[in-house]
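work_18.txt (compact mmCIF, C-alpha atoms)
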# COMPACT_ATOMS: atom_id res chain seq x y z
CA MET A 231 91.67 9.67 -73.19
CA GLU A 232 94.21 8.70 -70.51
CA GLN A 233 91.44 7.00 -68.54
CA ARG A 234 90.25 5.01 -71.56
CA LEU A 235 93.81 3.92 -72.40
CA ALA A 236 94.38 2.83 -68.80
CA ASN A 237 91.20 0.78 -68.83
CA SER A 238 92.03 -0.87 -72.18
CA TRP A 239 95.47 -1.72 -70.90
CA ARG A 240 93.94 -3.73 -68.05
CA LEU A 241 91.28 -5.59 -70.08
CA THR A 242 92.13 -8.73 -72.01
CA VAL A 243 91.11 -9.49 -75.57
CA ASN A 244 88.53 -12.03 -74.47
CA GLU A 245 86.87 -9.52 -72.13
CA LYS A 246 86.64 -6.95 -74.90
CA LYS A 247 85.10 -9.45 -77.32
CA PHE A 248 82.62 -10.55 -74.67
CA ILE A 249 81.46 -6.96 -74.03
CA GLU A 250 81.10 -6.21 -77.77
CA SER A 251 79.21 -9.41 -78.49
CA ALA A 252 76.86 -8.72 -75.55
CA LEU A 253 76.16 -5.19 -76.81
CA GLN A 254 75.36 -6.48 -80.29
CA SER A 255 72.73 -8.67 -78.63
CA GLU A 256 71.40 -5.52 -76.85
CA LEU A 257 72.68 -6.76 -73.52
CA ARG A 258 75.08 -5.07 -71.14
CA VAL A 259 77.40 -6.50 -68.55
CA ASP A 260 75.43 -5.01 -65.63
CA GLY A 261 72.08 -6.25 -67.00
CA ARG A 262 70.74 -2.95 -68.37
CA GLY A 263 69.42 -2.15 -71.76
CA PRO A 264 71.38 0.02 -74.22
CA LEU A 265 69.41 3.18 -73.36
CA GLU A 266 68.89 2.62 -69.64
CA TYR A 267 70.39 4.82 -66.92
CA ARG A 268 71.92 3.52 -63.73
CA LYS A 269 70.34 4.16 -60.34
CA LEU A 270 70.83 7.76 -59.22
CA SER A 271 71.19 8.74 -55.56
CA ILE A 272 71.65 12.31 -54.28
CA LYS A 273 72.70 13.12 -50.74
CA PHE A 274 73.46 16.41 -49.05
CA GLY A 275 75.79 17.34 -46.23
CA ARG A 276 74.95 19.35 -43.14
CA ASP A 277 76.58 22.46 -44.59
CA ASP A 278 74.90 24.39 -47.36
CA GLY A 279 76.42 23.84 -50.78
CA SER A 280 77.70 20.28 -50.35
CA ALA A 281 76.31 17.28 -52.24
CA GLU A 282 77.27 13.70 -52.97
CA VAL A 283 75.97 11.86 -56.04
CA GLN A 284 76.13 8.14 -56.59
CA LEU A 285 75.45 6.94 -60.13
CA GLY A 286 75.65 3.17 -59.97
CA GLU A 287 79.09 2.60 -58.44
CA THR A 288 80.41 6.02 -59.45
CA ARG A 289 80.60 8.48 -56.56
CA VAL A 290 81.31 12.20 -56.84
CA MET A 291 81.26 14.90 -54.17
CA SER A 292 81.13 18.65 -54.75
CA PHE A 293 81.40 21.77 -52.60
CA VAL A 294 80.44 25.34 -53.42
CA SER A 295 82.08 28.39 -51.84
CA ALA A 296 82.01 32.14 -52.47
CA GLN A 297 84.23 35.12 -51.81
CA LEU A 298 84.27 38.83 -52.68
CA VAL A 299 86.67 39.76 -55.50
CA GLN A 300 87.10 42.47 -58.09
CA PRO A 301 85.20 41.82 -61.35
CA TYR A 302 86.68 41.60 -64.81
CA ARG A 303 87.06 44.91 -66.63
CA ASP A 304 84.94 43.85 -69.58
CA ARG A 305 82.12 42.69 -67.22
CA PRO A 306 82.10 45.02 -64.20
CA ASN A 307 78.54 44.13 -63.14
CA GLU A 308 78.79 40.32 -63.24
CA GLY A 309 80.12 37.78 -60.80
CA THR A 310 82.37 34.89 -61.74
CA LEU A 311 81.98 31.11 -61.79
CA SER A 312 84.89 28.69 -61.72
CA ILE A 313 85.08 24.88 -61.49
CA PHE A 314 87.97 22.84 -60.12
CA THR A 315 88.22 19.06 -60.27
CA GLU A 316 90.32 16.67 -58.23
CA PHE A 317 91.02 13.12 -59.36
CA SER A 318 92.24 11.18 -56.36
CA PRO A 319 94.18 7.90 -56.71
CA MET A 320 91.73 6.49 -54.18
CA ALA A 321 89.02 6.62 -56.87
CA ASP A 322 91.12 4.98 -59.58
CA PRO A 323 94.73 3.78 -59.55
CA SER A 324 95.23 5.31 -62.98
CA PHE A 325 94.74 8.80 -61.48
CA GLU A 326 97.94 10.45 -60.33
CA PRO A 327 98.06 13.08 -57.58
CA GLY A 328 99.31 16.57 -58.21
CA ARG A 329 98.64 18.55 -61.33
CA PRO A 330 95.28 17.68 -62.99
CA GLY A 331 95.55 15.59 -66.12
CA GLU A 332 93.77 15.80 -69.45
CA SER A 333 90.63 13.99 -68.24
CA ALA A 334 90.30 16.31 -65.22
CA VAL A 335 90.60 19.43 -67.39
CA GLU A 336 88.10 18.07 -69.91
CA LEU A 337 85.59 17.26 -67.16
CA GLY A 338 85.79 20.78 -65.73
CA ARG A 339 85.38 22.38 -69.17
CA ILE A 340 82.30 20.34 -70.06
CA ILE A 341 80.50 21.33 -66.84
CA ASP A 342 81.65 24.95 -67.05
CA ARG A 343 80.49 25.29 -70.65
CA GLY A 344 77.07 23.88 -69.85
CA LEU A 345 76.55 26.37 -66.98
CA ARG A 346 78.23 29.44 -68.45
CA GLU A 347 77.12 29.34 -72.09
CA SER A 348 73.50 28.66 -71.19
CA ARG A 349 73.35 31.46 -68.60
CA ALA A 350 71.94 29.06 -66.07
CA ILE A 351 73.18 31.19 -63.16
CA ASP A 352 72.29 34.87 -62.89
CA THR A 353 75.76 36.34 -62.51
CA GLU A 354 74.48 39.94 -62.41
CA SER A 355 72.81 39.21 -59.07
CA LEU A 356 76.29 38.48 -57.67
CA CYS A 357 77.37 42.11 -58.07
CA ILE A 358 77.78 44.14 -54.86
CA LEU A 359 79.53 47.31 -56.10
CA SER A 360 79.87 47.92 -59.79
CA ALA A 361 83.48 47.53 -60.96
CA LYS A 362 84.62 47.05 -57.34
CA LEU A 363 83.20 43.98 -55.61
CA VAL A 364 81.37 40.90 -56.88
CA TRP A 365 80.84 37.38 -55.60
CA ALA A 366 83.11 34.72 -57.09
CA ILE A 367 81.43 31.29 -56.99
CA ARG A 368 83.76 28.31 -56.87
CA ILE A 369 82.76 24.65 -57.35
CA ASP A 370 85.19 21.98 -56.16
CA ILE A 371 84.48 18.51 -57.55
CA HIS A 372 86.09 15.47 -55.94
CA ILE A 373 86.00 12.03 -57.56
CA LEU A 374 85.52 9.41 -54.84
CA ASP A 375 85.02 6.27 -56.95
CA ASN A 376 85.34 5.84 -60.71
CA ALA A 377 82.94 3.30 -62.19
CA GLY A 378 82.36 5.10 -65.50
CA ASN A 379 80.58 8.21 -66.80
CA LEU A 380 82.19 10.76 -64.47
CA VAL A 381 80.83 13.68 -66.52
CA ASP A 382 77.17 13.02 -65.78
CA ALA A 383 77.76 12.30 -62.10
CA ALA A 384 79.93 15.40 -61.64
CA ASN A 385 77.41 17.60 -63.48
CA ILE A 386 74.51 16.41 -61.31
CA SER A 387 76.59 16.87 -58.16
CA ALA A 388 77.54 20.43 -59.18
CA LEU A 389 73.90 21.36 -59.86
CA ALA A 390 72.70 19.90 -56.56
CA SER A 391 75.35 21.77 -54.59
CA LEU A 392 74.53 25.03 -56.40
CA LEU A 393 70.84 24.66 -55.56
CA THR A 394 71.57 24.21 -51.86
CA PHE A 395 74.27 26.89 -51.59
CA ARG A 396 73.49 30.19 -49.84
CA ARG A 397 75.74 33.21 -49.85
CA PRO A 398 75.87 35.78 -47.03
CA GLU A 399 73.74 38.86 -47.41
CA CYS A 400 75.55 42.17 -47.90
CA SER A 401 74.58 45.78 -47.36
CA LEU A 402 76.21 49.12 -48.05
CA GLY A 403 77.03 51.52 -45.24
CA GLY A 404 79.47 54.18 -44.19
CA GLU A 405 79.43 57.90 -44.75
CA ASP A 406 79.76 57.64 -48.54
CA GLY A 407 77.61 54.51 -48.81
CA GLN A 408 80.47 52.53 -50.35
CA GLN A 409 81.40 50.40 -47.35
CA VAL A 410 80.30 46.78 -47.72
CA VAL A 411 78.98 44.99 -44.63
CA VAL A 412 78.78 41.19 -44.79
CA HIS A 413 76.15 39.92 -42.36
CA PRO A 414 76.70 36.55 -40.67
CA PRO A 415 73.98 33.88 -40.85
CA GLU A 416 72.98 34.57 -37.24
CA VAL A 417 72.08 38.17 -38.09
CA ARG A 418 70.48 37.76 -41.52
CA GLU A 419 69.38 34.70 -43.42
CA PRO A 420 71.77 33.84 -46.30
CA LEU A 421 70.50 34.18 -49.85
CA PRO A 422 70.32 31.34 -52.40
CA LEU A 423 71.68 31.67 -55.90
CA ILE A 424 69.35 32.64 -58.75
CA ILE A 425 69.34 29.66 -61.13
CA HIS A 426 67.15 29.93 -64.22
CA HIS A 427 67.31 26.32 -65.40
CA LEU A 428 69.27 23.12 -64.87
CA PRO A 429 71.56 22.04 -67.74
CA ILE A 430 71.78 18.24 -67.53
CA ALA A 431 74.69 16.39 -69.16
CA VAL A 432 73.90 13.04 -70.77
CA THR A 433 76.78 10.96 -72.15
CA PHE A 434 76.52 8.44 -75.02
CA GLY A 435 79.05 5.82 -76.08
CA PHE A 436 79.65 4.66 -79.67
CA PHE A 437 81.21 1.41 -80.82
CA SER A 438 82.60 0.04 -84.06
CA ASN A 439 79.11 -0.67 -85.28
CA GLU A 440 77.56 2.72 -86.12
CA ASN A 441 74.10 1.58 -85.15
CA LEU A 442 75.26 0.59 -81.66
CA VAL A 443 74.73 3.43 -79.13
CA VAL A 444 74.59 3.13 -75.34
CA MET A 445 73.64 5.66 -72.69
CA ASP A 446 75.57 6.09 -69.43
CA PRO A 447 78.58 3.86 -70.24
CA THR A 448 80.29 1.98 -67.40
CA TYR A 449 83.95 1.60 -66.58
CA LEU A 450 84.32 -1.53 -68.72
CA GLU A 451 82.31 -0.14 -71.64
CA GLU A 452 84.50 2.97 -71.77
CA SER A 453 87.51 0.75 -72.44
CA VAL A 454 85.81 -0.82 -75.47
CA MET A 455 83.89 2.09 -77.07
CA THR A 456 85.44 3.96 -79.98
CA GLY A 457 83.69 7.30 -79.52
CA ARG A 458 81.83 9.38 -76.96
CA MET A 459 79.53 12.40 -77.02
CA THR A 460 78.14 14.45 -74.13
CA VAL A 461 74.93 16.41 -74.74
CA THR A 462 73.92 19.12 -72.23
CA VAL A 463 70.22 20.00 -72.40
CA ASN A 464 67.61 21.29 -69.97
CA ALA A 465 64.08 20.09 -69.24
CA ASN A 466 62.67 22.47 -71.86
CA GLY A 467 64.65 20.79 -74.64
CA ASP A 468 67.13 23.66 -75.11
CA VAL A 469 70.58 22.45 -76.16
CA CYS A 470 73.15 24.08 -73.87
CA ALA A 471 76.33 22.39 -75.09
CA ILE A 472 77.63 19.39 -77.06
CA GLN A 473 81.02 17.80 -76.46
CA LYS A 474 82.51 15.29 -78.96
CA PRO A 475 86.12 14.54 -77.95
CA GLY A 476 87.49 12.91 -81.11
CA GLY A 477 87.23 9.23 -81.84
CA GLN A 478 84.85 7.68 -84.34
CA GLY A 479 82.72 9.95 -86.48
CA VAL A 480 78.97 10.11 -85.91
CA PHE A 481 76.23 10.68 -88.46
CA GLN A 482 73.77 13.53 -88.19
CA ARG A 483 70.79 11.28 -87.73
CA VAL A 484 72.52 9.58 -84.80
CA ILE A 485 73.18 12.95 -83.18
CA MET A 486 69.55 13.99 -83.54
CA HIS A 487 68.45 10.69 -82.08
CA CYS A 488 70.78 11.25 -79.13
CA LEU A 489 69.38 14.76 -78.57
CA LYS A 490 65.83 13.40 -78.33
CA LEU A 491 66.92 10.74 -75.85
CA ALA A 492 68.86 13.33 -73.82
CA HIS A 493 65.81 15.62 -73.67
CA VAL A 494 63.67 12.89 -72.15
CA LYS A 495 66.36 11.85 -69.69
CA ALA A 496 67.08 15.45 -68.70
CA GLY A 497 63.47 15.89 -67.61
CA ASP A 498 63.66 12.82 -65.37
CA ILE A 499 66.97 13.85 -63.80
CA THR A 500 65.72 17.42 -63.24
CA THR A 501 62.69 16.08 -61.38
CA LYS A 502 64.91 13.90 -59.16
CA ILE A 503 67.23 16.81 -58.36
CA LYS A 504 64.39 19.16 -57.48
CA ASP A 505 62.71 16.55 -55.29
CA ALA A 506 65.95 15.90 -53.43
CA VAL A 507 66.58 19.63 -52.96
CA GLU A 508 63.02 20.17 -51.71
CA ILE A 509 63.48 17.42 -49.12
CA TYR A 510 66.78 18.98 -48.06
CA ASN A 511 65.23 22.44 -47.69
CA THR A 512 62.41 20.98 -45.57
CA GLU A 513 64.89 19.17 -43.33
CA ARG A 514 66.98 22.32 -43.11
CA ALA A 515 63.99 24.37 -41.97
CA LEU A 516 63.03 21.71 -39.42
CA ARG A 517 66.63 21.48 -38.20
CA LYS A 518 66.71 25.22 -37.75
CA ILE A 519 63.45 25.16 -35.80
CA LYS A 520 64.66 22.27 -33.67
CA ARG A 521 67.88 24.04 -32.94
CA HIS A 522 66.09 27.11 -31.60
CA SER A 523 63.36 25.15 -29.85
CA SER A 524 65.88 22.75 -28.24
CA SER A 525 68.00 25.61 -26.95
CA VAL A 526 64.86 27.32 -25.57
CA ALA A 527 63.61 24.01 -24.20
CA VAL A 528 66.88 23.42 -22.37
CA ASP A 529 66.74 26.87 -20.84
CA VAL A 530 63.11 26.56 -19.91
CA CYS A 531 63.63 23.11 -18.48
CA GLY A 532 66.54 24.38 -16.42
CA THR A 533 64.49 27.30 -15.18
CA ALA A 534 61.56 25.03 -14.50
CA ALA A 535 63.82 22.68 -12.59
CA ARG A 536 65.10 25.56 -10.48
CA LEU A 537 61.59 26.84 -9.91
CA GLY A 538 60.53 23.32 -9.06
CA GLU A 539 63.31 23.00 -6.52
CA LYS A 540 62.43 26.37 -5.00
CA GLN A 541 58.75 25.43 -4.99
CA ASN A 542 59.57 22.13 -3.30
CA GLN A 543 61.63 23.96 -0.71
CA LEU A 544 58.81 26.43 -0.11
CA ASP A 545 56.30 23.61 0.04
CA GLY A 546 58.55 21.80 2.48
CA ASP A 547 58.86 24.92 4.61
CA LYS A 548 55.13 25.45 4.44
CA ASP A 549 54.48 21.85 5.34
CA ALA A 550 56.89 22.10 8.24
CA SER A 551 55.30 25.36 9.42
CA HIS A 552 51.85 23.82 9.04
CA LEU A 553 52.98 20.81 11.02
CA ASP A 554 54.43 23.04 13.75
CA GLN A 555 51.28 25.15 13.83
CA GLY A 556 49.17 22.00 13.93
CA LYS A 557 51.21 20.66 16.80
CA LEU A 558 50.92 23.95 18.70
CA LYS A 559 47.20 24.09 17.97
CA ASP A 560 46.74 20.53 19.16
CA GLU A 561 48.69 21.30 22.34
CA MET A 562 46.63 24.46 22.96
CA ASN A 563 43.40 22.57 22.38
CA PHE A 564 44.59 19.78 24.63
CA MET A 565 45.52 22.26 27.40
CA GLU A 566 42.21 24.09 26.99
CA CYS A 567 40.30 20.84 27.08
CA ASP A 568 42.15 19.76 30.20
CA ALA A 569 41.57 23.17 31.77
CA THR A 570 37.90 23.18 30.82
CA SER A 571 37.35 19.65 32.09
CA SER A 572 39.14 20.39 35.36
CA GLU A 573 37.18 23.62 35.76
CA VAL A 574 33.89 21.89 35.11
CA GLN A 575 34.77 19.16 37.60
CA SER A 576 35.81 21.72 40.23
CA ASN A 577 32.61 23.69 39.66
CA LYS A 578 30.55 20.57 40.09
CA SER A 579 32.35 19.59 43.27
CA ASP A 580 32.22 23.04 44.82
CA GLY A 581 28.70 23.91 43.71
CA VAL A 582 29.74 27.54 43.57
CA SER A 583 28.83 29.47 40.47
CA LYS A 584 31.79 31.20 38.92
CA ASN A 585 31.91 33.65 36.05
CA PHE A 586 32.75 32.03 32.73
CA ILE A 587 32.87 33.25 29.16
CA GLY A 588 33.48 30.99 26.17
CA GLY A 589 37.26 30.81 26.59
CA PRO A 590 40.18 32.27 24.66
CA SER A 591 39.75 33.55 21.12
CA SER A 592 41.85 30.72 19.68
CA TRP A 593 39.67 28.10 21.28
CA ASP A 594 38.09 25.71 18.78
CA PRO A 595 34.49 24.76 19.77
CA TYR A 596 34.54 21.94 17.19
CA SER A 597 37.44 20.14 18.80
CA GLU A 598 37.01 16.45 19.48
CA CYS A 599 37.76 16.81 23.20
CA VAL A 600 34.78 19.15 23.87
CA ASN A 601 31.29 17.85 24.49
CA SER A 602 28.81 20.31 23.01
CA ASP A 603 25.94 19.34 25.36
CA LEU A 604 28.10 19.75 28.43
CA LEU A 605 29.37 23.09 27.11
CA LYS A 606 25.84 24.43 26.56
CA ALA A 607 24.80 23.34 30.06
CA SER A 608 27.83 25.00 31.65
CA LEU A 609 27.25 28.23 29.66
CA ALA A 610 23.58 28.32 30.71
CA SER A 611 24.43 27.89 34.41
CA ARG A 612 26.97 30.75 34.37
CA GLY A 613 26.43 34.47 34.42
CA PRO A 614 27.51 36.94 31.67
CA SER A 615 30.68 38.25 33.21
CA ALA A 616 33.85 38.96 31.19
CA PRO A 617 37.06 38.03 32.92
CA SER A 618 40.22 38.38 30.93
CA LYS A 619 42.13 35.53 29.36
CA GLN A 620 45.12 36.03 31.59
CA LYS A 621 42.99 35.90 34.73
CA ASP A 622 41.38 32.64 33.57
CA SER A 623 44.74 31.13 32.89
CA ARG A 624 46.08 32.32 36.23
CA ARG A 625 42.94 31.01 37.91
CA GLN A 626 43.46 27.67 36.23
CA THR A 627 47.12 27.42 37.10
CA LYS A 628 46.80 28.59 40.73
CA PRO A 629 45.99 25.84 43.22
CA GLU A 630 42.49 26.22 44.56
CA GLU A 631 42.26 27.05 48.27
CA PRO A 632 39.64 25.34 50.40
CA PRO A 633 36.61 27.50 51.10
CA GLN A 634 36.64 29.25 54.48
CA GLU A 635 33.66 29.19 56.72
CA ILE A 636 32.23 32.62 57.56
CA LYS A 637 30.75 32.99 61.05
CA THR A 638 28.10 35.56 61.74
CA ASP A 639 28.82 35.82 65.42
CA SER A 640 32.45 36.66 65.44
CA SER A 641 34.60 38.69 67.75
CA PRO A 642 36.75 41.63 66.75
CA ILE A 643 39.74 39.36 66.94
CA ASP A 644 38.14 37.00 64.44
CA THR A 645 37.21 39.83 62.07
CA ALA A 646 40.74 41.21 61.97
CA PRO A 647 42.15 38.52 59.72
CA THR A 648 39.10 38.88 57.50
CA ALA A 649 39.88 42.56 56.98
CA GLU A 650 43.45 41.69 56.23
CA GLN A 651 42.26 39.16 53.71
CA ASN A 652 40.05 41.82 52.11
CA LYS A 653 43.01 44.15 51.93
CA GLU A 654 45.04 41.46 50.31
CA GLY A 655 42.26 40.91 47.80
CA LYS A 656 42.31 44.58 46.68
CA THR A 657 44.16 45.53 43.56
CA LEU A 658 46.53 48.39 42.85
CA LYS A 659 43.71 50.37 41.23
CA ASP A 660 41.65 50.18 44.39
CA ALA A 661 44.62 51.36 46.47
CA VAL A 662 45.01 54.51 44.40
CA LYS A 663 42.47 57.08 45.68
CA PRO A 664 40.96 59.72 43.47
CA LYS A 665 41.87 63.41 43.97
CA ASN A 666 38.37 64.42 45.03
CA ARG A 667 38.48 61.94 47.88
CA ARG A 668 41.81 63.33 48.99
CA LYS A 669 40.46 66.88 48.88
CA LYS A 670 37.38 65.90 50.92
CA ARG A 671 39.53 64.19 53.55
CA ALA A 672 41.90 67.13 53.71
CA SER A 673 38.99 69.64 54.15
CA SER A 674 37.46 67.50 56.91
CA ASN A 675 40.77 67.41 58.73
CA ASN A 676 41.15 71.20 58.49
CA GLY A 677 37.57 71.81 59.79
CA SER A 678 38.19 69.62 62.81
Could you write out this structure as structure tokens?
Amino acid sequence: MEQRLANSWRLTVNEKKFIESALQSELRVDGRGPLEYRKLSIKFGRDDGSAEVQLGETRVMSFVSAQLVQPYRDRPNEGTLSIFTEFSPMADPSFEPGRPGESAVELGRIIDRGLRESRAIDTESLCILSAKLVWAIRIDIHILDNAGNLVDAANISALASLLTFRRPECSLGGEDGQQVVVHPPEVREPLPLIIHHLPIAVTFGFFSNENLVVMDPTYLEESVMTGRMTVTVNANGDVCAIQKPGGQGVFQRVIMHCLKLAHVKAGDITTKIKDAVEIYNTERALRKIKRHSSSVAVDVCGTAARLGEKQNQLDGDKDASHLDQGKLKDEMNFMECDATSSEVQSNKSDGVSKNFIGGPSSWDPYSECVNSDLLKASLASRGPSAPSKQKDSRRQTKPEEPPQEIKTDSSPIDTAPTAEQNKEGKTLKDAVKPKNRRKKRASSNNGS
């Protein structure tokens, strides 16, 4: 009533006559027909239980919360439902902050009656411990912009937020089984509310002409209309509540006509709400999957990066070791090739056959510096003796002495240095005499 008086105070007489004359011609200021609904848009927040509804230029936001309280004595096994409305001066200058006015109280009662009287919400499922603890559901409705028909917009917003709300799961524990444990969402998935049906509120406006009825009145039409009626019905056609706040009287046939129109419109609005909630639930499930997969992906990527760095370091170390080994191998092959070539040249120049076996074990016969034909010829011209690797290396490193001429007719003086040379050529093993030789020499000395 306060809202309608405030609107009529701002409108001039000419504006009122223009709106009435347009309605008599079945035209409305915004271009709609008398029984057409404005465009409906439903949005949801990131948190469960929050929704924003835009009906034309009217915007309403609602939030749902829950807490554990003691039940009423007359209903110990049922939870509670309460609705609170807030009319902000930002939505309409006629709204005053502080204590809610008559329009705010009326709005909350219409929505509460439609939900409570029709048993739309299963309140018995909100009981945790009989006569001790139940869930108290609270709906906070905030008016963001007032462009007419706040009841319908607030009702749709409340239903959408109830459908997306999820309460924490509880369990009983303790020694006596009476201790309530509330599980956080990380431990157990929250539970949605059990809602049997959706009571949809549809508001009609009446004017001085009894045959003139409009659906979903705007801000300007509310200042001109002489009566209003809100019908709350579900998609099945069940009448949940009817609100007629004074004003002009309405005939029975008009009320029945309004109920039929509300039934059809309730089915359309219910379909829109369910489609929007289904899209939200799908996005919520995908967001939950993305959250877990992104956190795992970050960890895996970090681990993979570390493993990649370690693998690169190992590969670098292996490459460096391979390069060092390759360099050493090339140097060994080069030294062996030089030694082999010098030995072959010395053998050719001297003409003396020396013992040779294929070379050291690490020698590569497929090296580029080795001629296979020359190697086969040198192996065929040499005998099968087995000198050690160290002796070959020493033989290669030691400077070769010129061959000495051996004379057959030599004097004892000439043979002396030859004996000394033979002694020098003996090894330590040859110098050590066996025990049997010592015993024979000692017995010969004793017999003499």
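Of the listed residues (A:Leu389, A:Pro323, A:Gly404, A:Asp352), A:Pro323 comes nearest to Leu374 (chain A); the distances count all atoms listed in the file.
Using only C-alpha atoms, the nearest neighbour of Gln297 (chain A) within the list A:Pro398, A:Pro319, A:Pro330, A:Gly338 is A:Pro398.
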Write out as lines of an AutoDock Vina configuration file an axis-aligned box for region 413-416 of chain A: all of its atoms listed in the file, 8 Å added on each side, centre and edge lengths in Å with one decimal.
center_x = 74.8
center_y = 36.9
center_z = -39.8
size_x = 19.7
size_y = 22.0
size_z = 21.1
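Residue nearest Gly344 (chain A), chosen from A:Thr462, A:Ser251, A:Gln473, A:Thr500 and counting all atoms listed in the file: A:Thr462.
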Residues near Met320 (chain A), anyone? I mean within 10 Å using only C-alpha atoms, not counting same-chain ones fewer than 2 positions away, as a PyMOL selection string.
chain A and resi 317-318+322-327+373-376
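Of note, CA of Glu256 (chain A) and CA of Ile430 (chain A) are spaced 25.5 Å apart.
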